[in-house]
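Student: Sharing coords26.cif (mmCIF, C-alpha atoms) below.
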data_upload
loop_
_atom_site.label_atom_id
_atom_site.label_comp_id
_atom_site.auth_asym_id
_atom_site.auth_seq_id
_atom_site.Cartn_x
_atom_site.Cartn_y
_atom_site.Cartn_z
CA MET Y 1 -12.03 -8.24 27.66
CA PHE Y 2 -11.95 -4.45 27.63
CA ARG Y 3 -15.24 -2.57 27.93
CA ALA Y 4 -15.17 0.36 25.49
CA ALA Y 5 -17.73 2.43 27.39
CA GLY Y 6 -15.76 2.32 30.62
CA LEU Y 7 -12.57 3.47 28.94
CA ALA Y 8 -13.97 6.25 26.73
CA ALA Y 9 -12.68 9.15 28.81
CA ALA Y 10 -9.28 7.62 29.47
CA ALA Y 11 -8.69 6.83 25.80
CA PHE Y 12 -8.42 10.51 24.96
CA SER Y 13 -5.88 11.14 27.72
CA SER Y 14 -2.14 10.59 27.84
CA ASP Y 15 -2.91 7.07 29.09
CA ALA Y 16 -3.99 5.95 25.61
CA LEU Y 17 -0.65 4.36 24.74
CA PRO Y 18 -0.21 2.47 28.04
CA ARG Y 19 -3.77 1.16 27.72
CA LEU Y 20 -3.07 -0.04 24.20
CA GLU Y 21 0.07 -1.75 25.45
CA ALA Y 22 -1.97 -3.43 28.18
CA ALA Y 23 -4.58 -4.55 25.64
CA LEU Y 24 -1.87 -6.02 23.42
CA ALA Y 25 -0.31 -7.84 26.36
CA ALA Y 26 -3.68 -9.29 27.34
CA GLN Y 27 -4.17 -10.67 23.81
CA SER Y 28 -0.71 -12.22 23.55
CA GLY Y 29 -0.81 -15.72 22.13
CA LYS Y 30 -4.39 -15.53 20.87
CA PRO Y 31 -5.03 -16.32 17.20
CA ALA Y 32 -5.27 -13.24 15.00
CA ASP Y 33 -8.71 -14.26 13.73
CA SER Y 34 -10.08 -14.28 17.27
CA LEU Y 35 -9.40 -10.54 17.53
CA ALA Y 36 -10.74 -9.50 14.13
CA GLY Y 37 -14.16 -8.58 15.52
CA ASP Y 38 -13.09 -7.73 19.08
CA GLU Y 39 -14.25 -4.10 19.27
CA ASP Y 40 -12.85 -3.67 22.78
CA PHE Y 41 -9.36 -4.40 21.45
CA TRP Y 42 -9.67 -2.23 18.33
CA PHE Y 43 -11.12 0.57 20.48
CA GLN Y 44 -7.66 0.89 22.03
CA VAL Y 45 -6.02 0.98 18.59
CA ARG Y 46 -8.26 3.57 16.98
CA HIS Y 47 -7.85 6.08 19.78
CA MET Y 48 -4.17 6.27 18.91
CA PHE Y 49 -5.27 8.36 15.92
CA SER Y 50 -6.39 11.97 15.57
CA VAL Y 51 -8.90 11.78 12.74
CA ASP Y 52 -12.02 13.70 11.81
CA ARG Y 53 -14.84 11.33 12.75
CA ASN Y 54 -17.31 13.55 10.90
CA ILE Y 55 -15.83 12.11 7.70
CA ILE Y 56 -15.93 8.37 7.07
CA ASN Y 57 -12.55 7.86 5.42
CA LEU Y 58 -12.66 4.71 3.32
CA ASN Y 59 -9.79 5.82 1.08
CA ASN Y 60 -6.84 4.68 3.16
CA GLY Y 61 -5.49 2.93 0.09
CA GLY Y 62 -4.52 6.33 -1.28
CA VAL Y 63 -2.85 7.61 1.87
CA SER Y 64 -3.58 6.90 5.51
CA PRO Y 65 -3.30 9.11 8.57
CA ALA Y 66 -0.44 8.22 10.89
CA PRO Y 67 -1.05 7.43 14.57
CA LYS Y 68 -0.46 10.22 17.08
CA ILE Y 69 2.79 8.69 18.30
CA VAL Y 70 4.21 8.90 14.76
CA MET Y 71 2.98 12.47 14.31
CA GLU Y 72 4.61 13.46 17.61
CA SER Y 73 7.87 11.90 16.43
CA GLU Y 74 7.72 13.81 13.15
CA LYS Y 75 7.05 17.10 14.93
CA ARG Y 76 9.93 16.46 17.33
CA TYR Y 77 12.39 15.78 14.51
CA LEU Y 78 11.17 18.86 12.64
CA GLU Y 79 11.75 21.04 15.70
CA ILE Y 80 15.22 19.59 16.16
CA SER Y 81 16.02 20.21 12.50
CA ASN Y 82 14.89 23.82 12.74
CA MET Y 83 17.27 24.52 15.65
CA GLY Y 84 20.10 24.66 13.11
CA PRO Y 85 19.44 22.59 9.99
CA ALA Y 86 23.00 22.39 8.67
CA HIS Y 87 24.10 20.85 11.97
CA PHE Y 88 21.11 19.04 13.44
CA MET Y 89 19.51 17.80 10.20
CA TRP Y 90 22.67 16.76 8.38
CA LYS Y 91 25.02 15.74 11.19
CA ILE Y 92 22.69 14.53 13.94
CA LEU Y 93 19.47 13.27 12.33
CA GLY Y 94 20.92 12.29 8.96
CA PRO Y 95 23.04 9.39 10.25
CA GLU Y 96 20.00 8.01 12.10
CA LEU Y 97 18.59 7.02 8.72
CA GLU Y 98 20.70 3.87 9.01
CA THR Y 99 18.47 2.71 11.85
CA VAL Y 100 15.43 3.29 9.64
CA ARG Y 101 17.11 1.25 6.90
CA ARG Y 102 17.83 -1.58 9.33
CA ARG Y 103 14.27 -1.70 10.67
CA ILE Y 104 12.74 -1.77 7.20
CA ALA Y 105 15.17 -4.50 6.17
CA GLN Y 106 14.22 -6.58 9.22
CA ASN Y 107 10.54 -6.34 8.32
CA PHE Y 108 11.15 -7.24 4.68
CA GLY Y 109 13.67 -9.95 5.55
CA VAL Y 110 16.62 -8.60 3.56
CA ASP Y 111 20.07 -7.04 4.03
CA PRO Y 112 19.96 -3.33 5.00
CA GLU Y 113 22.39 -2.75 2.12
CA GLU Y 114 19.52 -3.65 -0.24
CA ILE Y 115 17.10 -0.98 1.00
CA ALA Y 116 16.92 2.61 -0.25
CA ILE Y 117 14.60 5.11 1.47
CA THR Y 118 12.36 6.92 -1.02
CA ARG Y 119 9.44 9.32 -0.94
CA ASN Y 120 6.84 6.89 -2.26
CA ALA Y 121 6.34 3.78 -4.38
CA SER Y 122 6.29 5.76 -7.63
CA GLU Y 123 9.76 7.16 -7.00
CA ALA Y 124 11.07 3.77 -5.93
CA LEU Y 125 9.75 2.01 -9.02
CA GLU Y 126 10.73 4.77 -11.46
CA ILE Y 127 14.31 4.51 -10.21
CA VAL Y 128 14.36 0.95 -11.55
CA GLN Y 129 12.24 1.58 -14.62
CA MET Y 130 14.33 4.52 -15.80
CA GLY Y 131 17.62 3.05 -14.56
CA MET Y 132 17.58 -0.30 -16.35
CA ASP Y 133 19.88 -0.74 -19.34
CA LEU Y 134 17.50 -1.96 -22.02
CA LYS Y 135 17.91 -2.04 -25.80
CA ARG Y 136 15.62 -1.10 -28.66
CA GLY Y 137 13.17 -3.93 -29.25
CA ASP Y 138 13.34 -5.28 -25.68
CA GLU Y 139 9.89 -6.18 -24.39
CA ILE Y 140 8.35 -5.14 -21.07
CA LEU Y 141 5.41 -7.27 -19.92
CA THR Y 142 2.81 -5.84 -17.54
CA THR Y 143 -0.99 -5.76 -17.15
CA ASN Y 144 -3.53 -3.13 -18.11
CA GLN Y 145 -4.51 -2.90 -14.43
CA ASP Y 146 -1.10 -1.93 -13.10
CA TYR Y 147 -0.74 1.55 -11.62
CA GLY Y 148 -1.15 4.30 -14.21
CA ARG Y 149 2.02 6.18 -13.29
CA MET Y 150 4.14 3.07 -13.74
CA ILE Y 151 2.56 2.32 -17.12
CA THR Y 152 3.21 5.94 -18.12
CA THR Y 153 6.87 5.52 -17.18
CA TRP Y 154 7.28 2.46 -19.39
CA GLN Y 155 5.43 4.25 -22.18
CA GLN Y 156 7.94 7.09 -21.96
CA ARG Y 157 10.81 4.63 -22.30
CA GLU Y 158 8.93 3.03 -25.17
CA ARG Y 159 8.84 6.38 -26.98
CA ARG Y 160 12.36 7.42 -26.03
CA ASP Y 161 14.27 4.15 -26.30
CA GLY Y 162 12.25 2.04 -28.71
CA LEU Y 163 11.19 -0.52 -26.10
CA LEU Y 164 8.06 -2.61 -26.59
CA LEU Y 165 5.40 -2.42 -23.85
CA LYS Y 166 3.00 -5.37 -23.77
CA GLN Y 167 -0.04 -5.26 -21.48
CA ILE Y 168 -2.23 -8.25 -20.71
CA SER Y 169 -5.74 -8.25 -19.25
CA PHE Y 170 -7.37 -10.46 -16.63
CA PRO Y 171 -10.92 -10.81 -15.27
CA VAL Y 172 -12.00 -9.30 -11.95
CA PRO Y 173 -12.05 -11.03 -9.68
CA ALA Y 174 -9.52 -13.46 -11.13
CA PRO Y 175 -10.58 -17.14 -11.20
CA SER Y 176 -7.47 -18.17 -9.26
CA LEU Y 177 -3.85 -17.33 -8.55
CA ALA Y 178 -2.85 -20.09 -10.96
CA ASP Y 179 -4.88 -18.44 -13.71
CA LEU Y 180 -3.04 -15.14 -13.17
CA ALA Y 181 0.36 -16.84 -13.26
CA GLN Y 182 -0.56 -18.71 -16.43
CA ARG Y 183 -1.74 -15.52 -18.16
CA VAL Y 184 1.62 -13.89 -17.48
CA GLU Y 185 3.58 -16.96 -18.57
CA ARG Y 186 1.62 -17.32 -21.82
CA ALA Y 187 2.42 -13.70 -22.70
CA VAL Y 188 6.20 -14.16 -22.37
CA THR Y 189 8.15 -14.10 -25.64
CA PRO Y 190 11.87 -14.40 -26.47
CA LYS Y 191 11.96 -10.58 -26.44
CA THR Y 192 10.64 -10.28 -22.87
CA LYS Y 193 13.34 -8.79 -20.61
CA VAL Y 194 11.26 -7.40 -17.74
CA ILE Y 195 7.98 -8.37 -16.08
CA HIS Y 196 6.37 -5.56 -14.09
CA ILE Y 197 3.49 -6.59 -11.82
CA CYS Y 198 1.55 -5.33 -8.83
CA HIS Y 199 1.77 -7.33 -5.63
CA VAL Y 200 -1.72 -5.96 -4.93
CA THR Y 201 -3.57 -4.02 -7.62
CA ASN Y 202 -4.75 -0.55 -6.69
CA ARG Y 203 -8.04 -0.98 -8.56
CA THR Y 204 -9.58 -4.03 -6.88
CA GLY Y 205 -7.05 -5.23 -4.32
CA GLN Y 206 -6.28 -8.37 -6.34
CA ILE Y 207 -3.26 -10.13 -4.80
CA PHE Y 208 -0.93 -11.56 -7.44
CA PRO Y 209 1.02 -14.86 -7.31
CA VAL Y 210 4.34 -13.04 -7.20
CA LYS Y 211 6.45 -16.01 -6.15
CA ALA Y 212 5.19 -18.22 -8.99
CA ILE Y 213 5.73 -15.46 -11.55
CA CYS Y 214 9.23 -14.72 -10.23
CA ALA Y 215 10.22 -18.38 -10.35
CA MET Y 216 8.99 -18.67 -13.93
CA ALA Y 217 10.80 -15.47 -14.92
CA LYS Y 218 14.06 -16.45 -13.24
CA ALA Y 219 14.15 -19.71 -15.20
CA ARG Y 220 13.96 -17.64 -18.38
CA GLY Y 221 16.46 -14.96 -17.39
CA ILE Y 222 13.74 -12.32 -17.06
CA GLU Y 223 13.88 -9.69 -14.31
CA VAL Y 224 10.81 -8.91 -12.22
CA VAL Y 225 9.85 -5.50 -10.86
CA VAL Y 226 7.12 -5.65 -8.21
CA ASP Y 227 4.88 -2.72 -7.30
CA GLY Y 228 4.19 -3.24 -3.62
CA ALA Y 229 2.52 0.11 -2.95
CA HIS Y 230 -0.66 -1.54 -1.64
CA ALA Y 231 0.88 -4.63 -0.05
CA PHE Y 232 3.60 -3.82 2.47
CA GLY Y 233 2.05 -3.61 5.94
CA GLN Y 234 -1.38 -4.83 4.82
CA PHE Y 235 -0.63 -8.52 5.42
CA PRO Y 236 2.46 -10.49 6.51
CA PHE Y 237 5.16 -11.54 4.03
CA LYS Y 238 8.93 -11.37 3.47
CA GLN Y 239 11.06 -10.99 0.36
CA LYS Y 240 11.74 -14.74 0.38
CA ASP Y 241 7.99 -15.26 -0.08
CA LEU Y 242 8.24 -13.30 -3.34
CA GLY Y 243 11.65 -13.92 -4.89
CA CYS Y 244 11.61 -10.66 -6.85
CA ASP Y 245 14.61 -8.66 -8.07
CA TYR Y 246 13.12 -5.26 -7.27
CA TYR Y 247 10.33 -4.11 -4.95
CA GLY Y 248 9.00 -0.60 -4.43
CA THR Y 249 6.41 0.50 -1.90
CA SER Y 250 4.91 3.45 -0.07
CA LEU Y 251 4.96 3.53 3.72
CA HIS Y 252 2.19 6.12 4.18
CA LYS Y 253 -0.53 3.57 3.40
CA TRP Y 254 -0.52 0.38 5.47
CA ILE Y 255 2.60 0.94 7.61
CA LEU Y 256 1.08 4.28 8.74
CA ALA Y 257 4.35 6.21 8.36
CA PRO Y 258 4.48 9.97 7.61
CA ILE Y 259 3.17 11.11 4.25
CA GLY Y 260 5.93 11.07 1.66
CA THR Y 261 7.83 7.93 2.69
CA GLY Y 262 8.60 4.67 0.93
CA PHE Y 263 11.40 2.27 0.11
CA LEU Y 264 13.05 0.47 -2.77
CA TYR Y 265 14.50 -3.02 -2.52
CA VAL Y 266 17.20 -3.97 -5.02
CA LYS Y 267 18.89 -7.35 -4.85
CA LYS Y 268 22.49 -6.66 -3.89
CA GLU Y 269 24.13 -8.05 -7.02
CA LYS Y 270 21.87 -5.89 -9.18
CA ILE Y 271 22.52 -2.51 -7.53
CA GLY Y 272 25.46 -1.75 -9.80
CA LYS Y 273 23.35 -2.44 -12.91
CA ILE Y 274 20.72 0.22 -12.16
CA TRP Y 275 21.41 3.89 -12.90
CA PRO Y 276 20.11 6.22 -10.16
CA LEU Y 277 17.28 8.56 -11.10
CA MET Y 278 19.40 11.47 -9.90
CA ALA Y 279 23.13 11.32 -10.55
CA ALA Y 280 25.58 9.84 -8.05
CA PRO Y 281 29.39 9.59 -8.24
CA PRO Y 282 31.03 6.40 -9.58
CA ALA Y 283 32.24 5.58 -6.08
CA MET Y 284 28.58 4.85 -5.19
CA ASP Y 285 27.89 2.53 -8.13
CA ASN Y 286 27.34 -0.49 -5.88
CA ASP Y 287 25.95 1.43 -2.91
CA ILE Y 288 22.19 1.29 -2.34
CA ARG Y 289 22.40 4.89 -1.07
CA LYS Y 290 23.04 6.17 -4.59
CA PHE Y 291 19.28 5.98 -5.08
CA GLU Y 292 18.81 8.49 -2.25
CA GLU Y 293 20.88 11.27 -3.87
CA ILE Y 294 17.95 13.67 -4.28
CA GLY Y 295 19.49 16.80 -2.73
CA THR Y 296 18.27 18.54 0.42
CA HIS Y 297 15.28 16.84 1.99
CA PRO Y 298 13.62 16.88 5.43
CA ALA Y 299 14.76 14.35 8.02
CA SER Y 300 11.52 14.46 10.01
CA GLN Y 301 9.45 12.19 7.75
CA ARG Y 302 12.15 9.61 7.14
CA ASN Y 303 13.35 9.36 10.72
CA SER Y 304 9.80 8.83 11.95
CA ILE Y 305 9.42 5.69 9.84
CA THR Y 306 10.98 3.76 12.72
CA GLU Y 307 8.18 4.81 15.07
CA ALA Y 308 5.59 3.71 12.50
CA ILE Y 309 7.27 0.32 12.11
CA THR Y 310 7.29 -0.13 15.89
CA PHE Y 311 3.56 0.66 15.99
CA HIS Y 312 2.94 -1.79 13.14
CA GLU Y 313 4.92 -4.52 14.88
CA SER Y 314 3.10 -3.88 18.17
CA ILE Y 315 -0.29 -4.55 16.61
CA GLY Y 316 1.06 -7.35 14.42
CA ALA Y 317 0.71 -7.89 10.68
CA GLU Y 318 -1.42 -11.01 11.21
CA ARG Y 319 -3.87 -9.12 13.43
CA LYS Y 320 -4.10 -6.27 10.95
CA ALA Y 321 -4.75 -8.60 8.03
CA ALA Y 322 -7.45 -10.46 9.95
CA ARG Y 323 -9.14 -7.17 10.88
CA PHE Y 324 -8.98 -5.88 7.32
CA ARG Y 325 -10.59 -9.02 5.92
CA TYR Y 326 -13.25 -8.90 8.63
CA LEU Y 327 -14.20 -5.31 7.75
CA ARG Y 328 -14.24 -5.97 4.00
CA LYS Y 329 -16.42 -9.05 4.34
CA ARG Y 330 -18.77 -7.15 6.65
CA TRP Y 331 -19.75 -4.48 4.13
CA GLN Y 332 -19.61 -6.95 1.23
CA ALA Y 333 -22.13 -9.20 2.99
CA ARG Y 334 -24.60 -6.31 3.22
CA LEU Y 335 -24.32 -5.36 -0.46
CA ARG Y 336 -23.88 -8.75 -2.08
CA GLY Y 337 -27.07 -9.90 -3.75
CA LEU Y 338 -28.58 -6.43 -4.15
CA PRO Y 339 -29.88 -5.77 -7.69
CA GLY Y 340 -27.17 -4.53 -10.02
CA VAL Y 341 -24.35 -5.04 -7.51
CA THR Y 342 -21.18 -6.85 -8.61
CA MET Y 343 -18.20 -7.66 -6.41
CA HIS Y 344 -14.94 -7.09 -8.26
CA THR Y 345 -12.83 -8.38 -5.37
CA SER Y 346 -12.46 -12.05 -4.49
CA ASP Y 347 -13.45 -13.49 -1.10
CA ASP Y 348 -10.48 -15.87 -1.22
CA PRO Y 349 -8.05 -14.74 1.53
CA GLU Y 350 -5.13 -15.66 -0.73
CA MET Y 351 -6.38 -13.18 -3.33
CA SER Y 352 -7.65 -10.26 -1.23
CA CYS Y 353 -7.26 -8.45 2.08
CA ALA Y 354 -8.29 -4.88 3.00
CA ILE Y 355 -9.22 -3.48 -0.41
CA GLY Y 356 -12.61 -4.17 -1.92
CA THR Y 357 -14.17 -2.81 -5.12
CA VAL Y 358 -17.87 -3.08 -5.86
CA GLY Y 359 -19.81 -2.19 -9.02
CA PHE Y 360 -23.32 -0.69 -9.25
CA ALA Y 361 -25.09 -1.14 -12.57
CA GLY Y 362 -26.44 2.03 -14.16
CA PHE Y 363 -24.57 4.38 -11.83
CA SER Y 364 -21.78 6.75 -12.79
CA MET Y 365 -18.98 5.92 -10.36
CA PRO Y 366 -17.52 9.47 -10.26
CA LYS Y 367 -21.00 10.93 -9.63
CA LEU Y 368 -21.72 8.28 -7.00
CA ALA Y 369 -18.45 8.91 -5.15
CA GLU Y 370 -19.07 12.66 -5.22
CA TYR Y 371 -22.63 12.15 -3.93
CA LEU Y 372 -21.41 9.98 -1.06
CA MET Y 373 -18.95 12.66 0.04
CA GLU Y 374 -21.28 15.63 -0.39
CA LYS Y 375 -24.42 14.08 1.15
CA HIS Y 376 -23.02 11.56 3.60
CA LYS Y 377 -19.36 12.54 4.14
CA ILE Y 378 -18.21 9.10 3.05
CA MET Y 379 -14.92 9.06 1.15
CA VAL Y 380 -14.37 6.29 -1.41
CA VAL Y 381 -12.60 6.13 -4.78
CA PRO Y 382 -14.37 5.75 -8.13
CA ILE Y 383 -12.70 3.15 -10.35
CA VAL Y 384 -13.47 3.54 -14.05
CA THR Y 385 -11.71 1.33 -16.60
CA GLY Y 386 -13.88 1.83 -19.66
CA ALA Y 387 -15.65 -1.21 -21.03
CA GLU Y 388 -14.08 -3.71 -18.62
CA TYR Y 389 -15.69 -2.74 -15.31
CA SER Y 390 -16.27 0.14 -12.93
CA GLY Y 391 -16.91 0.43 -9.21
CA LEU Y 392 -16.19 2.06 -5.89
CA ARG Y 393 -12.96 1.15 -4.10
CA VAL Y 394 -13.39 0.82 -0.33
CA THR Y 395 -10.31 0.79 1.90
CA PRO Y 396 -10.68 1.00 5.70
CA ASN Y 397 -7.74 0.88 8.12
CA VAL Y 398 -7.06 -0.11 11.71
CA TYR Y 399 -8.77 3.01 13.11
CA THR Y 400 -12.00 2.41 11.13
CA THR Y 401 -15.02 1.62 13.29
CA ILE Y 402 -17.75 -0.95 12.73
CA GLU Y 403 -20.26 1.90 12.75
CA GLU Y 404 -18.46 3.58 9.86
CA VAL Y 405 -18.40 0.42 7.76
CA ASP Y 406 -22.05 -0.28 8.55
CA THR Y 407 -23.03 3.30 7.69
CA PHE Y 408 -21.43 2.95 4.27
CA ALA Y 409 -23.32 -0.29 3.66
CA GLU Y 410 -26.61 1.15 4.89
CA VAL Y 411 -26.29 4.28 2.76
CA MET Y 412 -25.48 2.19 -0.31
CA GLU Y 413 -28.49 -0.05 0.33
CA GLY Y 414 -30.70 3.05 0.22
CA ILE Y 415 -29.02 4.40 -2.89
CA VAL Y 416 -29.40 1.12 -4.77
CA LYS Y 417 -33.07 0.95 -3.78
CA LYS Y 418 -33.76 4.46 -5.12
CA GLY Y 419 -31.76 3.87 -8.29
CA PRO Y 420 -29.49 6.04 -10.44
CA ILE Y 421 -32.24 7.89 -12.33
CA ALA Y 422 -34.10 9.06 -9.22
CA LEU Y 423 -30.88 10.39 -7.70
CA GLY Y 424 -29.48 11.83 -10.93
CA LEU Y 425 -26.45 9.57 -10.68
CA GLY Y 426 -26.81 7.70 -13.95
CA VAL Y 427 -24.10 7.02 -16.48
#
How does the structure come out when it is put into structure tokens?

Tutor:
Amino acid sequence: MFRAAGLAAAAFSSDALPRLEAALAAQSGKPADSLAGDEDFWFQVRHMFSVDRNIINLNNGGVSPAPKIVMESEKRYLEISNMGPAHFMWKILGPELETVRRRIAQNFGVDPEEIAITRNASEALEIVQMGMDLKRGDEILTTNQDYGRMITTWQQRERRDGLLLKQISFPVPAPSLADLAQRVERAVTPKTKVIHICHVTNRTGQIFPVKAICAMAKARGIEVVVDGAHAFGQFPFKQKDLGCDYYGTSLHKWILAPIGTGFLYVKKEKIGKIWPLMAAPPAMDNDIRKFEEIGTHPASQRNSITEAITFHESIGAERKAARFRYLRKRWQARLRGLPGVTMHTSDDPEMSCAIGTVGFAGFSMPKLAEYLMEKHKIMVVPIVTGAEYSGLRVTPNVYTTIEEVDTFAEVMEGIVKKGPIALGLGV
């Protein structure tokens, strides 16, 4: 075991990476769950980050800081680009994108020729949403808890092309994965051409039964678009575990890649059927790279994805998932049972991982989130859905400390005790 106190000074030195490598080697072969609460091990991980510890950042679901080794890679590629962009960026660094494509494909378990590098999940998904050939009257099935930007995109096609957007609801937390799959299946009609679902919802972290939904859809000739913005890198899975036709994700959340990176997966035989968001020549009709024709763009972010994937693989997806669940359950245990507190995220490991959303009766969630940041420097996200539910979304990451999670829980215990009226935080 590694004693954190004895390594404090060394962790801030250039020896941080070798010490992390040594810690990883020492834990080789041990079950992921056995490391979830091993603070000596996670001490080595968190000192690979340059973060402001005067802010407790529990909004890593929006965007997460990258580790120092990724930031150094991005800076290096930016400096190389600036030496002579037309030569170094286009002719030297540009071709290296194929290595990035290969590494992403390895992690997702697909052919590199099925992976397009994008700037985020929204861009990846909109490529498919706007590029599908659909006819007036065709029905798109999604939920009312899918990501707002993706719903807006379908609504635009609804207005422009006469499509029919159908949104279903589900309780939070959901009773079971089977219940979610059945809700989707019951909503299918002969007009349904596309099912659009989140792998993990951004509101509560609800994991969806993607494989079951995809199998049902395939039997009916329905295509499935999966929003994986909050899934990829949070817990282990491959494309074969999903069976979807299309998958879009951001890499600046759980993979810890530079801000402004993501990817789109399109099953090879479907590439030619999807129009690119920005025009490409006919010669590229069946080339996954047609979805990357966005004009001049920096190489530094994209090329550094490989370093982020290496860092992710070094820690291990299983270890990360176990740590995430450990941290979520830790703060949930402190708040569960307090008056007016409702957990909107399931404890079932098949239905949740890092993300947790908790409701506080009588409180305004936007006011509460603002109060936490102003008074306690704790960053969370207010989730407001109208009459259905509201809460605070809490998303730690691998660099989050036990002290930070416990501070959030302790502060919230005090706030609940005082109540919304006394603090001026009422609805």

Student: Just so the selection is clear, what residues does the PyMOL selection byres ((chain Y and resi 237-254) around 7) cover here, as a PyMOL selection string?

Tutor: chain Y and resi 60-64+108-110+120-121+124-125+210-211+214+223-229+232-236+255-267

Student: Mind writing the picked residues with C-alpha atoms as a compact mmCIF listing (two decimals), keeping the file's coordinate frame?

Tutor:
# COMPACT_ATOMS: atom_id res chain seq x y z
CA ASN Y 60 -6.84 4.68 3.16
CA GLY Y 61 -5.49 2.93 0.09
CA GLY Y 62 -4.52 6.33 -1.28
CA VAL Y 63 -2.85 7.61 1.87
CA SER Y 64 -3.58 6.90 5.51
CA PHE Y 108 11.15 -7.24 4.68
CA GLY Y 109 13.67 -9.95 5.55
CA VAL Y 110 16.62 -8.60 3.56
CA ASN Y 120 6.84 6.89 -2.26
CA ALA Y 121 6.34 3.78 -4.38
CA ALA Y 124 11.07 3.77 -5.93
CA LEU Y 125 9.75 2.01 -9.02
CA VAL Y 210 4.34 -13.04 -7.20
CA LYS Y 211 6.45 -16.01 -6.15
CA CYS Y 214 9.23 -14.72 -10.23
CA GLU Y 223 13.88 -9.69 -14.31
CA VAL Y 224 10.81 -8.91 -12.22
CA VAL Y 225 9.85 -5.50 -10.86
CA VAL Y 226 7.12 -5.65 -8.21
CA ASP Y 227 4.88 -2.72 -7.30
CA GLY Y 228 4.19 -3.24 -3.62
CA ALA Y 229 2.52 0.11 -2.95
CA PHE Y 232 3.60 -3.82 2.47
CA GLY Y 233 2.05 -3.61 5.94
CA GLN Y 234 -1.38 -4.83 4.82
CA PHE Y 235 -0.63 -8.52 5.42
CA PRO Y 236 2.46 -10.49 6.51
CA ILE Y 255 2.60 0.94 7.61
CA LEU Y 256 1.08 4.28 8.74
CA ALA Y 257 4.35 6.21 8.36
CA PRO Y 258 4.48 9.97 7.61
CA ILE Y 259 3.17 11.11 4.25
CA GLY Y 260 5.93 11.07 1.66
CA THR Y 261 7.83 7.93 2.69
CA GLY Y 262 8.60 4.67 0.93
CA PHE Y 263 11.40 2.27 0.11
CA LEU Y 264 13.05 0.47 -2.77
CA TYR Y 265 14.50 -3.02 -2.52
CA VAL Y 266 17.20 -3.97 -5.02
CA LYS Y 267 18.89 -7.35 -4.85

Student: Determine the nearest neighbour of Glu185 (chain Y) from the options Y:Thr99, Y:Thr142, Y:Ser34, Y:Thr357, counting all atoms listed in the file.

Tutor: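 Comparing Y:Thr99, Y:Thr142, Y:Ser34, Y:Thr357 against Glu185 (chain Y), the winner is Y:Thr142.
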
Student: Compile a residue-level contact table for region 408-427 of chain Y against region 323-338 of chain Y at a cut-off of 12 Å, reporting for every qualifying residue the shortest atom pair and its distance in Å to one decimal, with only C-alpha atoms counted, rows ordered by chain and ascending number, as JSON lines.

Tutor:
{"residue": "Y:Phe408", "atom": "CA", "partner": "Y:Trp331", "partner_atom": "CA", "distance": 7.6}
{"residue": "Y:Ala409", "atom": "CA", "partner": "Y:Trp331", "partner_atom": "CA", "distance": 5.5}
{"residue": "Y:Glu410", "atom": "CA", "partner": "Y:Arg334", "partner_atom": "CA", "distance": 7.9}
{"residue": "Y:Val411", "atom": "CA", "partner": "Y:Leu335", "partner_atom": "CA", "distance": 10.4}
{"residue": "Y:Met412", "atom": "CA", "partner": "Y:Leu335", "partner_atom": "CA", "distance": 7.6}
{"residue": "Y:Glu413", "atom": "CA", "partner": "Y:Leu335", "partner_atom": "CA", "distance": 6.8}
{"residue": "Y:Gly414", "atom": "CA", "partner": "Y:Leu335", "partner_atom": "CA", "distance": 10.6}
{"residue": "Y:Ile415", "atom": "CA", "partner": "Y:Leu338", "partner_atom": "CA", "distance": 10.9}
{"residue": "Y:Val416", "atom": "CA", "partner": "Y:Leu338", "partner_atom": "CA", "distance": 7.6}
{"residue": "Y:Lys417", "atom": "CA", "partner": "Y:Leu338", "partner_atom": "CA", "distance": 8.6}
{"residue": "Y:Gly419", "atom": "CA", "partner": "Y:Leu338", "partner_atom": "CA", "distance": 11.5}

Student: By how many Å are CA of Lys166 (chain Y) and CA of Ile140 (chain Y) apart?

Tutor: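 Taking CA of Lys166 (chain Y) as the start and CA of Ile140 (chain Y) as the end point, the length is 6.0 Å.
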
Student: CA of Asp52 (chain Y) and CA of Glu404 (chain Y), how far apart in Å?

Tutor: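 Pair CA of Glu404 (chain Y) / CA of Asp52 (chain Y) returns 12.2 Å.
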
Student: Would you be able to write out as a list in words which residues have an atom within 8 Å of (-18.2, -3.1, 12.6) in the file's coordinates, counting only C-alpha atoms?

Tutor: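 Within 8 Å of (-18.2, -3.1, 12.6), the protein and nucleic acid residues are Gly37, Glu39, Leu327, Arg330, Thr401, Ile402, Glu403, Glu404, Val405 and Asp406 of chain Y.
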